[in-house]
$ cat work_7.txt   # compact mmCIF, C-alpha atoms
# COMPACT_ATOMS: atom_id res chain seq x y z
CA MET A 1 26.24 105.31 156.00
CA ILE A 2 28.26 102.88 153.90
CA ARG A 3 31.11 101.45 155.95
CA VAL A 4 34.40 100.77 154.16
CA LEU A 5 37.58 99.23 155.55
CA GLY A 6 40.71 100.51 153.83
CA LEU A 7 43.66 98.12 154.16
CA ALA A 8 46.91 99.85 153.24
CA LEU A 9 50.31 98.19 153.13
CA TYR A 10 52.22 101.07 154.76
CA GLY A 11 51.53 103.67 157.44
CA PRO A 12 50.86 107.40 157.08
CA LEU A 13 54.50 108.18 156.22
CA ALA A 14 53.95 106.50 152.85
CA ALA A 15 52.60 108.76 150.14
CA SER A 16 50.56 105.85 148.78
CA THR A 17 48.54 105.62 151.99
CA ARG A 18 48.01 109.37 152.25
CA TYR A 19 47.05 110.00 148.65
CA ARG A 20 45.35 106.77 147.58
CA LEU A 21 43.23 106.42 150.73
CA SER A 22 43.49 108.88 153.63
CA GLN A 23 42.93 112.12 151.73
CA TYR A 24 39.55 110.81 150.53
CA VAL A 25 38.20 110.25 154.05
CA PRO A 26 36.67 113.71 154.73
CA GLY A 27 35.06 113.99 151.30
CA LEU A 28 33.63 110.50 151.40
CA VAL A 29 32.06 111.16 154.80
CA SER A 30 30.19 114.11 153.31
CA LEU A 31 28.78 111.71 150.69
CA GLY A 32 27.65 109.10 153.20
CA ILE A 33 30.70 106.82 153.10
CA ASP A 34 32.72 106.10 156.24
CA LEU A 35 36.22 104.95 155.25
CA LYS A 36 38.45 103.64 158.03
CA VAL A 37 42.10 103.28 156.99
CA ARG A 38 44.23 100.58 158.61
CA TYR A 39 47.79 99.68 157.67
CA LEU A 40 50.12 96.72 158.03
CA LEU A 41 53.69 98.10 158.14
CA GLY A 42 53.91 101.26 160.22
CA ASP A 43 56.20 104.24 160.03
CA ASP A 44 58.89 102.52 162.13
CA TYR A 45 59.29 99.98 159.36
CA LEU A 46 59.51 102.68 156.68
CA ARG A 47 62.11 104.64 158.63
CA HIS A 48 64.18 101.47 158.91
CA ARG A 49 63.82 100.79 155.21
CA PHE A 50 64.80 104.31 154.19
CA ARG A 51 67.49 105.08 156.77
CA GLY A 52 68.73 101.73 158.00
CA GLY A 53 69.24 100.92 161.65
CA GLN A 54 67.81 98.14 163.76
CA PHE A 55 64.96 96.22 162.14
CA PRO A 56 61.74 96.94 164.11
CA LEU A 57 60.90 93.27 164.65
CA ARG A 58 58.49 93.80 167.54
CA SER A 59 56.68 96.55 165.67
CA VAL A 60 56.30 94.35 162.59
CA MET A 61 54.99 91.44 164.69
CA ARG A 62 52.44 93.73 166.35
CA SER A 63 51.44 95.00 162.92
CA GLY A 64 50.82 91.46 161.71
CA LEU A 65 48.55 90.74 164.67
CA SER A 66 46.79 94.06 164.23
CA ARG A 67 45.98 93.17 160.62
CA LEU A 68 44.52 89.88 161.77
CA ALA A 69 42.29 91.84 164.15
CA ASP A 70 41.21 94.08 161.26
CA LEU A 71 40.32 91.02 159.19
CA CYS A 72 38.32 89.63 162.09
CA SER A 73 36.31 92.88 162.16
CA GLN A 74 35.13 92.57 158.54
CA THR A 75 31.56 91.99 159.66
CA ASP A 76 31.48 95.64 160.79
CA TYR A 77 31.94 96.84 157.21
CA ASP A 78 30.09 96.70 153.92
CA LEU A 79 33.15 96.40 151.70
CA ILE A 80 36.94 96.66 151.66
CA ILE A 81 39.51 98.64 149.70
CA LEU A 82 42.77 96.69 149.53
CA TYR A 83 45.93 98.56 148.58
CA SER A 84 48.80 96.36 147.34
CA GLU A 85 48.59 93.19 149.48
CA LEU A 86 47.34 91.91 152.81
CA TYR A 87 50.67 90.33 153.77
CA PRO A 88 53.96 90.12 151.89
CA LEU A 89 54.80 86.57 150.72
CA LEU A 90 51.23 85.35 151.26
CA PRO A 91 49.79 83.60 148.17
CA GLY A 92 46.96 85.31 146.34
CA TRP A 93 44.47 82.48 146.92
CA MET A 94 44.98 82.86 150.67
CA GLU A 95 44.43 86.61 150.51
CA LYS A 96 41.17 86.09 148.61
CA ALA A 97 40.09 83.54 151.23
CA LEU A 98 40.81 86.00 154.05
CA LEU A 99 38.76 88.75 152.39
CA ARG A 100 35.18 87.77 153.16
CA LYS A 101 33.61 91.01 151.91
CA PRO A 102 33.44 92.44 148.39
CA TYR A 103 36.64 94.37 147.80
CA ILE A 104 38.05 97.08 145.59
CA TYR A 105 41.66 96.38 144.67
CA ASP A 106 43.72 99.56 144.37
CA LEU A 107 47.11 99.71 142.67
CA ASP A 108 49.33 102.67 141.87
CA ASP A 109 52.47 100.71 141.07
CA ALA A 110 53.43 97.61 139.10
CA PHE A 111 52.89 95.33 142.10
CA TYR A 112 52.49 92.35 139.77
CA LEU A 113 56.25 92.47 139.11
CA LYS A 114 57.18 92.24 142.80
CA TYR A 115 57.67 88.48 142.93
CA ARG A 116 58.77 88.04 139.33
CA SER A 117 62.14 89.81 139.41
CA GLY A 118 64.59 91.61 141.65
CA ARG A 119 65.34 90.60 145.23
CA LEU A 120 62.04 88.71 145.59
CA GLY A 121 62.33 86.95 142.26
CA PHE A 122 63.19 83.74 144.09
CA ALA A 123 59.47 83.43 144.90
CA ARG A 124 58.40 83.58 141.24
CA SER A 125 57.37 79.92 141.04
CA PHE A 126 54.74 80.18 143.79
CA LEU A 127 54.02 83.93 144.02
CA GLY A 128 54.62 85.18 140.49
CA ASN A 129 50.87 85.33 139.76
CA LYS A 130 49.80 86.46 143.23
CA PHE A 131 48.49 89.85 142.18
CA ASP A 132 46.77 88.47 139.10
CA ASN A 133 44.70 86.26 141.40
CA VAL A 134 43.90 89.14 143.76
CA ILE A 135 42.83 91.28 140.81
CA LYS A 136 40.58 88.50 139.49
CA GLY A 137 38.83 88.17 142.83
CA ALA A 138 38.09 91.88 143.26
CA THR A 139 34.64 93.34 142.72
CA ALA A 140 36.30 96.40 141.15
CA ILE A 141 39.77 97.72 140.38
CA THR A 142 41.05 101.29 140.74
CA ALA A 143 44.32 101.79 138.85
CA GLY A 144 46.56 104.81 139.18
CA ASN A 145 47.65 105.02 135.55
CA LYS A 146 46.60 103.71 132.15
CA VAL A 147 49.37 101.11 131.96
CA LEU A 148 48.18 99.60 135.25
CA ALA A 149 44.55 99.80 134.16
CA GLN A 150 45.35 97.99 130.91
CA TYR A 151 47.16 95.25 132.82
CA ALA A 152 44.36 94.80 135.37
CA ASP A 153 41.69 94.77 132.67
CA GLN A 154 43.10 91.46 131.39
CA PHE A 155 41.89 89.82 134.60
CA ASN A 156 39.00 92.02 135.69
CA THR A 157 36.94 94.06 133.26
CA ASN A 158 35.48 96.19 136.06
CA THR A 159 38.67 98.30 136.07
CA GLN A 160 38.61 102.06 136.50
CA TYR A 161 41.40 104.56 135.92
CA LEU A 162 41.78 106.58 139.13
CA PRO A 163 44.93 108.74 139.04
CA THR A 164 46.84 109.68 142.15
CA VAL A 165 45.78 113.25 142.82
CA VAL A 166 46.33 116.22 145.11
CA ASP A 167 44.06 118.55 147.04
CA THR A 168 44.38 121.72 144.98
CA THR A 169 43.08 123.82 147.86
CA ARG A 170 46.27 122.84 149.71
CA TYR A 171 48.74 122.60 146.85
CA LEU A 172 48.80 126.23 145.74
CA PRO A 173 51.24 128.35 143.73
CA LEU A 174 53.28 130.88 145.65
CA SER A 175 51.69 134.32 145.53
CA GLY A 176 53.99 137.01 144.17
CA GLU A 177 57.34 136.65 142.43
CA ARG A 178 60.29 134.64 143.71
CA LYS A 179 63.08 136.88 144.91
CA ASP A 180 65.83 134.25 144.55
CA SER A 181 67.56 134.71 141.19
CA VAL A 182 69.43 131.37 141.22
CA PHE A 183 67.99 128.93 138.69
CA THR A 184 66.57 126.10 140.83
CA VAL A 185 65.78 122.63 139.59
CA GLY A 186 63.86 120.47 142.07
CA TRP A 187 62.85 116.87 142.70
CA ILE A 188 60.71 115.31 145.43
CA GLY A 189 60.44 111.61 146.12
CA SER A 190 61.70 108.74 148.25
CA PRO A 191 65.04 106.98 148.74
CA SER A 192 63.87 104.11 146.52
CA THR A 193 63.40 106.36 143.47
CA ALA A 194 66.33 108.74 144.05
CA GLU A 195 68.57 106.41 142.01
CA TYR A 196 66.85 107.74 138.88
CA LEU A 197 68.45 111.14 139.49
CA HIS A 198 71.79 109.95 138.12
CA GLU A 199 70.34 110.52 134.65
CA LEU A 200 70.41 114.26 135.38
CA VAL A 201 74.05 114.54 136.48
CA ALA A 202 75.47 115.29 133.03
CA PRO A 203 72.70 117.70 131.86
CA LEU A 204 72.75 119.64 135.13
CA SER A 205 76.54 119.80 135.12
CA LEU A 206 76.54 121.27 131.62
CA ILE A 207 73.96 123.87 132.63
CA GLY A 208 76.03 124.61 135.72
CA GLN A 209 79.03 125.48 133.56
CA GLU A 210 76.98 128.27 132.02
CA GLY A 211 75.74 129.89 135.23
CA GLU A 212 74.75 129.31 138.83
CA VAL A 213 72.36 126.37 139.33
CA ARG A 214 70.82 124.91 142.46
CA PHE A 215 69.53 121.33 142.50
CA VAL A 216 67.13 120.65 145.39
CA VAL A 217 66.46 117.00 146.25
CA ILE A 218 63.70 116.34 148.79
CA GLY A 219 63.26 112.94 150.39
CA GLY A 220 66.15 110.99 148.85
CA LYS A 221 69.89 110.76 148.44
CA ALA A 222 71.16 113.31 145.94
CA PRO A 223 73.94 112.47 143.49
CA SER A 224 77.04 114.62 143.30
CA VAL A 225 76.74 117.04 140.37
CA PRO A 226 79.83 118.97 139.24
CA ASN A 227 79.30 122.75 138.83
CA VAL A 228 75.97 122.63 140.68
CA ASN A 229 74.99 123.52 144.24
CA VAL A 230 73.19 120.35 145.36
CA VAL A 231 70.85 120.77 148.35
CA GLU A 232 69.53 117.62 150.02
CA ILE A 233 66.48 118.07 152.29
CA ASP A 234 64.56 115.55 154.37
CA TRP A 235 60.91 115.25 153.39
CA ASN A 236 58.43 116.87 155.75
CA GLU A 237 54.71 117.11 155.05
CA ASN A 238 54.56 120.56 156.62
CA THR A 239 57.23 122.05 154.34
CA GLU A 240 56.92 120.15 151.05
CA ILE A 241 54.59 122.63 149.34
CA GLN A 242 56.71 125.61 150.36
CA LEU A 243 59.81 123.83 149.04
CA ILE A 244 58.17 122.89 145.74
CA ASN A 245 57.29 126.55 145.31
CA SER A 246 61.00 127.36 145.51
CA PHE A 247 61.62 125.44 142.26
CA ASP A 248 61.90 127.06 138.86
CA VAL A 249 61.51 123.63 137.24
CA GLY A 250 60.36 120.27 138.63
CA VAL A 251 61.91 117.13 137.18
CA MET A 252 60.98 113.44 136.99
CA PRO A 253 63.54 111.22 135.26
CA LEU A 254 62.61 107.55 134.81
CA PRO A 255 64.22 104.55 133.11
CA ASP A 256 62.22 102.98 130.30
CA ASP A 257 61.41 99.70 132.06
CA ASP A 258 58.30 97.87 133.22
CA TRP A 259 58.59 99.03 136.83
CA ALA A 260 58.86 102.68 135.83
CA LYS A 261 55.91 102.37 133.45
CA GLY A 262 53.81 101.58 136.52
CA LYS A 263 54.63 104.92 138.17
CA CYS A 264 51.77 107.42 138.35
CA ALA A 265 53.64 110.69 137.64
CA PHE A 266 52.70 111.93 141.08
CA LYS A 267 55.77 114.17 141.39
CA LEU A 268 54.73 115.97 138.23
CA ILE A 269 51.21 116.47 139.57
CA GLN A 270 52.63 117.96 142.78
CA TYR A 271 54.87 120.36 140.85
CA MET A 272 52.16 121.38 138.40
CA ALA A 273 49.61 121.99 141.16
CA CYS A 274 52.03 124.57 142.54
CA GLY A 275 52.38 126.24 139.14
CA ILE A 276 55.86 124.84 138.43
CA PRO A 277 56.78 123.84 134.85
CA VAL A 278 58.13 120.31 134.45
CA VAL A 279 60.62 118.23 132.50
CA ALA A 280 60.17 114.46 132.55
CA SER A 281 61.13 111.22 130.85
CA PRO A 282 58.51 110.05 128.31
CA VAL A 283 57.72 106.90 130.29
CA GLY A 284 54.40 105.58 131.59
CA ALA A 285 51.98 108.11 133.04
CA ASN A 286 54.44 110.97 132.45
CA VAL A 287 53.30 111.00 128.84
CA ASP A 288 49.66 111.40 129.88
CA VAL A 289 50.27 114.09 132.51
CA VAL A 290 52.70 116.36 130.64
CA SER A 291 51.29 118.37 127.76
CA ASN A 292 53.25 120.75 125.53
CA GLN A 293 51.58 123.62 127.34
CA CYS A 294 52.82 122.73 130.83
CA GLY A 295 56.19 121.07 130.34
CA MET A 296 58.61 119.09 128.21
CA LEU A 297 59.54 115.44 127.75
CA ALA A 298 63.20 114.49 127.45
CA SER A 299 64.80 111.13 126.63
CA THR A 300 68.46 111.89 126.02
CA ARG A 301 71.16 113.96 127.69
CA ILE A 302 70.90 116.53 124.91
CA GLU A 303 67.11 116.77 125.25
CA TRP A 304 67.37 117.20 129.03
CA THR A 305 70.06 119.86 128.63
CA ASN A 306 68.13 121.78 125.99
CA ALA A 307 64.88 121.66 127.99
CA LEU A 308 66.51 122.92 131.18
CA ARG A 309 68.45 125.60 129.29
CA MET A 310 65.33 126.88 127.55
CA LEU A 311 63.38 127.09 130.79
CA ARG A 312 66.30 128.80 132.51
CA ASP A 313 66.61 131.43 129.80
CA ARG A 314 62.89 132.13 129.27
CA PRO A 315 61.17 132.98 132.56
CA ALA A 316 58.04 134.10 130.72
CA ILE A 317 57.67 130.60 129.25
CA ARG A 318 58.20 129.12 132.70
CA PHE A 319 55.38 131.24 134.04
CA GLU A 320 53.01 130.33 131.19
CA MET A 321 53.78 126.63 131.52
CA GLY A 322 53.30 126.83 135.27
CA GLN A 323 49.88 128.38 134.87
CA ALA A 324 48.88 125.78 132.26
CA GLY A 325 50.08 123.00 134.52
CA ARG A 326 48.07 124.31 137.44
CA GLU A 327 44.92 124.45 135.30
CA ARG A 328 45.55 120.93 134.02
CA VAL A 329 45.85 119.52 137.54
CA VAL A 330 42.72 121.32 138.76
CA MET A 331 40.71 119.90 135.87
CA GLN A 332 42.10 116.34 135.72
CA TYR A 333 44.28 115.47 138.72
CA SER A 334 42.59 117.11 141.68
CA LEU A 335 40.88 115.55 144.66
CA HIS A 336 37.77 117.56 143.80
CA GLN A 337 37.49 115.90 140.39
CA ASN A 338 38.37 112.36 141.46
CA LEU A 339 36.42 112.06 144.72
CA PRO A 340 33.13 111.41 142.85
CA ARG A 341 34.79 108.66 140.79
CA LEU A 342 35.85 106.70 143.86
CA ALA A 343 32.51 107.37 145.57
CA ASN A 344 30.56 106.11 142.55
CA THR A 345 32.57 102.89 142.52
CA ILE A 346 31.76 102.36 146.20
CA PHE A 347 28.06 103.17 145.64
CA GLN A 348 27.85 100.69 142.77
CA ILE A 349 29.28 97.89 144.90
CA ALA A 350 27.13 98.80 147.90
CA GLY A 351 24.06 98.83 145.65
CA LYS A 352 24.74 95.27 144.53
CA ILE A 353 25.17 94.14 148.14
CA SER A 354 21.92 95.66 149.44
$ encode --input "work_7.txt" --output "structure tokens"
Amino acid sequence: MIRVLGLALYGPLAASTRYRLSQYVPGLVSLGIDLKVRYLLGDDYLRHRFRGGQFPLRSVMRSGLSRLADLCSQTDYDLIILYSELYPLLPGWMEKALLRKPYIYDLDDAFYLKYRSGRLGFARSFLGNKFDNVIKGATAITAGNKVLAQYADQFNTNTQYLPTVVDTTRYLPLSGERKDSVFTVGWIGSPSTAEYLHELVAPLSLIGQEGEVRFVVIGGKAPSVPNVNVVEIDWNENTEIQLINSFDVGVMPLPDDDWAKGKCAFKLIQYMACGIPVVASPVGANVDVVSNQCGMLASTRIEWTNALRMLRDRPAIRFEMGQAGRERVVMQYSLHQNLPRLANTIFQIAGKIS
């Protein structure tokens, strides 16, 4: 049995931990790979970040010590999968020094921008190249979209495209027809990405002038949309698939900037796995995931309005696009298809070690 230590940045509440690492555990075991997932910042920290409240200082301190213990246990493992970073604000050369086993570096976001701009841009002079150094030191790279893979390949040619995927035996279309006649547009995400929804206020409002529209927002703060019934729902793993199946259309607006280009179109993959047609901004991985058969790309207010109107007025097209999207996910963005890719990367590294 090959023993692998997975070091995630966030706890199980984070989609990145669940879908980049944890969901692979059962399948890898069946192939002779024992992946143990450990995380630095637990769910208490994420709840604070998303909802505010008292900063969980004690929890964060315990997490830091727990990660040190994980690093001290490296001798129990054959290799490591590092997601994002070992510790925030720790220089890359120190992270490489702490990792005493061959490691796969996994990224599904533009982490390399973290200390170059925004609220952490003050650290640019000494941390701006942190992730470049971590990428260089990795034995292999798994990148969640082609933009990330192209970036990583500059520093490490052993880079593999490994999209963020879903278990298509769990993400299933609703059997039978929806009985609710209200045209429902849906979005699922986190508070940090909900700001992108403001791009949809004008298109949805125009559609709402023409007939009843419901806008369901799961996991983030919804904007106010005139003429539209906006429904804001807390994310829950037990209900997310049922809620996605209540959508007529799933949406993913993004700004055309470097951060957004690092996104892995995971929302679209979730919608499409459930047989829901999609409309998305033509940014980053969205362009790769959305084909003409399963959805539409929209850049302007007029394009968003026309796309939503067409899908509202043509339920047969919605159904056909939903079916095509489901097939596309099963073939390209499913756990079943991507498990062997991750396993082969691990086997290659383990073979070089032995």
$ residues_around --input "work_7.txt" --residues "A:Leu162" --least-positions-apart "4" --cutoff "9 Å" --atoms "all atoms listed in the file" --output "tab-separated table (two decimals) with C-alpha atoms, in the coordinates of the input"
chain	number	residue	atom	x	y	z
A	106	ASP	CA	43.72	99.56	144.37
A	108	ASP	CA	49.33	102.67	141.87
A	142	THR	CA	41.05	101.29	140.74
A	143	ALA	CA	44.32	101.79	138.85
A	144	GLY	CA	46.56	104.81	139.18
A	145	ASN	CA	47.65	105.02	135.55
A	146	LYS	CA	46.60	103.71	132.15
A	149	ALA	CA	44.55	99.80	134.16
A	338	ASN	CA	38.37	112.36	141.46
A	341	ARG	CA	34.79	108.66	140.79
A	342	LEU	CA	35.85	106.70	143.86
$ residues_near_point --input "work_7.txt" --point "(42.7, 121.2, 145.5)" --cutoff "7 Å" --atoms "all atoms listed in the file" --output "list in words"
Val166, Asp167, Thr168, Thr169, Arg170, Tyr171, Val330, Ser334, Leu335 and His336 of chain A
$ write_last_selection --input "work_7.txt" --atoms "C-alpha atoms" --output "compact mmCIF listing (two decimals), keeping the file's coordinate frame"
# COMPACT_ATOMS: atom_id res chain seq x y z
CA VAL A 166 46.33 116.22 145.11
CA ASP A 167 44.06 118.55 147.04
CA THR A 168 44.38 121.72 144.98
CA THR A 169 43.08 123.82 147.86
CA ARG A 170 46.27 122.84 149.71
CA TYR A 171 48.74 122.60 146.85
CA VAL A 330 42.72 121.32 138.76
CA SER A 334 42.59 117.11 141.68
CA LEU A 335 40.88 115.55 144.66
CA HIS A 336 37.77 117.56 143.80
$ atom_distance --input "work_7.txt" --atom1 "atom CA of A:Met61" --atom2 "atom CA of A:Ala14"
19.2 Å
$ closest_residue --input "work_7.txt" --among "A:Leu40, A:Leu35, A:Ala265, A:Leu99" --to "A:Tyr87" --atoms "all atoms listed in the file"
A:Leu40
$ residues_around --input "work_7.txt" --residues "stretch 201-218 of chain A" --least-positions-apart "4" --cutoff "7 Å" --atoms "only C-alpha atoms" --output "list in words"
Val182, Phe183, Thr184, Val185, Gly186, Trp187, Ile188, Gly189, Ala222, Val225, Pro226, Asn227, Val228, Asn229, Val230, Val231, Glu232, Ile233, Asp234, Trp235, Arg301, Trp304, Thr305 and Arg309 of chain A
$ write_last_selection --input "work_7.txt" --atoms "C-alpha atoms" --output "PDB file, keeping the file's coordinate frame"
ATOM      1  CA  VAL A 182      69.430 131.370 141.220  1.00  0.00           C
ATOM      2  CA  PHE A 183      67.990 128.930 138.690  1.00  0.00           C
ATOM      3  CA  THR A 184      66.570 126.100 140.830  1.00  0.00           C
ATOM      4  CA  VAL A 185      65.780 122.630 139.590  1.00  0.00           C
ATOM      5  CA  GLY A 186      63.860 120.470 142.070  1.00  0.00           C
ATOM      6  CA  TRP A 187      62.850 116.870 142.700  1.00  0.00           C
ATOM      7  CA  ILE A 188      60.710 115.310 145.430  1.00  0.00           C
ATOM      8  CA  GLY A 189      60.440 111.610 146.120  1.00  0.00           C
ATOM      9  CA  ALA A 222      71.160 113.310 145.940  1.00  0.00           C
ATOM     10  CA  VAL A 225      76.740 117.040 140.370  1.00  0.00           C
ATOM     11  CA  PRO A 226      79.830 118.970 139.240  1.00  0.00           C
ATOM     12  CA  ASN A 227      79.300 122.750 138.830  1.00  0.00           C
ATOM     13  CA  VAL A 228      75.970 122.630 140.680  1.00  0.00           C
ATOM     14  CA  ASN A 229      74.990 123.520 144.240  1.00  0.00           C
ATOM     15  CA  VAL A 230      73.190 120.350 145.360  1.00  0.00           C
ATOM     16  CA  VAL A 231      70.850 120.770 148.350  1.00  0.00           C
ATOM     17  CA  GLU A 232      69.530 117.620 150.020  1.00  0.00           C
ATOM     18  CA  ILE A 233      66.480 118.070 152.290  1.00  0.00           C
ATOM     19  CA  ASP A 234      64.560 115.550 154.370  1.00  0.00           C
ATOM     20  CA  TRP A 235      60.910 115.250 153.390  1.00  0.00           C
ATOM     21  CA  ARG A 301      71.160 113.960 127.690  1.00  0.00           C
ATOM     22  CA  TRP A 304      67.370 117.200 129.030  1.00  0.00           C
ATOM     23  CA  THR A 305      70.060 119.860 128.630  1.00  0.00           C
ATOM     24  CA  ARG A 309      68.450 125.600 129.290  1.00  0.00           C
TER      25      ARG A 309
END
$ closest_residue --input "work_7.txt" --among "A:Val134, A:Leu41, A:Ile104, A:Leu86" --to "A:Leu21" --atoms "all atoms listed in the file"
A:Ile104
$ closest_residue --input "work_7.txt" --among "A:Ser299, A:Ser246, A:Thr164, A:Ser224" --to "A:Lys267" --atoms "all atoms listed in the file"
A:Thr164
$ residues_around --input "work_7.txt" --residues "A:Leu197" --least-positions-apart "2" --cutoff "9 Å" --atoms "only C-alpha atoms" --output "ChimeraX atom specification"
/A:187,193-195,199-201,222-223,252-254
$ write_last_selection --input "work_7.txt" --atoms "C-alpha atoms" --output "short mmCIF file (atom, residue, chain, number, x, y, z; two decimals), in the frame of the given file"
data_model
loop_
_atom_site.label_atom_id
_atom_site.label_comp_id
_atom_site.auth_asym_id
_atom_site.auth_seq_id
_atom_site.Cartn_x
_atom_site.Cartn_y
_atom_site.Cartn_z
CA TRP A 187 62.85 116.87 142.70
CA THR A 193 63.40 106.36 143.47
CA ALA A 194 66.33 108.74 144.05
CA GLU A 195 68.57 106.41 142.01
CA GLU A 199 70.34 110.52 134.65
CA LEU A 200 70.41 114.26 135.38
CA VAL A 201 74.05 114.54 136.48
CA ALA A 222 71.16 113.31 145.94
CA PRO A 223 73.94 112.47 143.49
CA MET A 252 60.98 113.44 136.99
CA PRO A 253 63.54 111.22 135.26
CA LEU A 254 62.61 107.55 134.81
#
$ atom_distance --input "work_7.txt" --atom1 "atom CA of A:Gln160" --atom2 "atom CA of A:Ala15"
20.7 Å
$ atom_distance --input "work_7.txt" --atom1 "atom CA of A:Gly325" --atom2 "atom CA of A:Asp109"
23.4 Å
$ closest_residue --input "work_7.txt" --among "A:Cys294, A:Leu172, A:Val289, A:Met331" --to "A:Glu240" --atoms "all atoms listed in the file"
A:Leu172
$ closest_residue --input "work_7.txt" --among "A:Thr239, A:Asn286, A:Thr139, A:Ser175" --to "A:Leu79" --atoms "all atoms listed in the file"
A:Thr139
$ residues_near_point --input "work_7.txt" --point "(52.6, 107.8, 157.9)" --cutoff "12 Å" --atoms "only C-alpha atoms" --output "ChimeraX atom specification"
/A:8-19,21-22,37-47,236-237
$ residues_around --input "work_7.txt" --residues "A:Ala285" --least-positions-apart "4" --cutoff "10 Å" --atoms "all atoms listed in the file" --output "PDB file with C-alpha atoms, keeping the file's coordinate frame"
ATOM      1  CA  GLY A 144      46.560 104.810 139.180  1.00  0.00           C
ATOM      2  CA  ASN A 145      47.650 105.020 135.550  1.00  0.00           C
ATOM      3  CA  LYS A 146      46.600 103.710 132.150  1.00  0.00           C
ATOM      4  CA  VAL A 147      49.370 101.110 131.960  1.00  0.00           C
ATOM      5  CA  LEU A 148      48.180  99.600 135.250  1.00  0.00           C
ATOM      6  CA  PRO A 163      44.930 108.740 139.040  1.00  0.00           C
ATOM      7  CA  ALA A 260      58.860 102.680 135.830  1.00  0.00           C
ATOM      8  CA  LYS A 261      55.910 102.370 133.450  1.00  0.00           C
ATOM      9  CA  GLY A 262      53.810 101.580 136.520  1.00  0.00           C
ATOM     10  CA  LYS A 263      54.630 104.920 138.170  1.00  0.00           C
ATOM     11  CA  CYS A 264      51.770 107.420 138.350  1.00  0.00           C
ATOM     12  CA  ALA A 265      53.640 110.690 137.640  1.00  0.00           C
ATOM     13  CA  PHE A 266      52.700 111.930 141.080  1.00  0.00           C
ATOM     14  CA  LEU A 268      54.730 115.970 138.230  1.00  0.00           C
ATOM     15  CA  SER A 281      61.130 111.220 130.850  1.00  0.00           C
ATOM     16  CA  VAL A 289      50.270 114.090 132.510  1.00  0.00           C
ATOM     17  CA  VAL A 290      52.700 116.360 130.640  1.00  0.00           C
TER      18      VAL A 290
END
$ closest_residue --input "work_7.txt" --among "A:Leu120, A:Leu127, A:Ile302, A:Val4" --to "A:Asp34" --atoms "only C-alpha atoms"
A:Val4
$ axis_aligned_box --input "work_7.txt" --around "stretch 225-237 of chain A" --padding-each-side "4 Å" --output "lines of an AutoDock Vina configuration file"
center_x = 67.3
center_y = 119.4
center_z = 147.3
size_x = 33.1
size_y = 16.3
size_z = 24.9
$ residues_around --input "work_7.txt" --residues "A:Pro191" --least-positions-apart "3" --cutoff "9 Å" --atoms "all atoms listed in the file" --output "ChimeraX atom specification"
/A:50-51,194-195,219-221
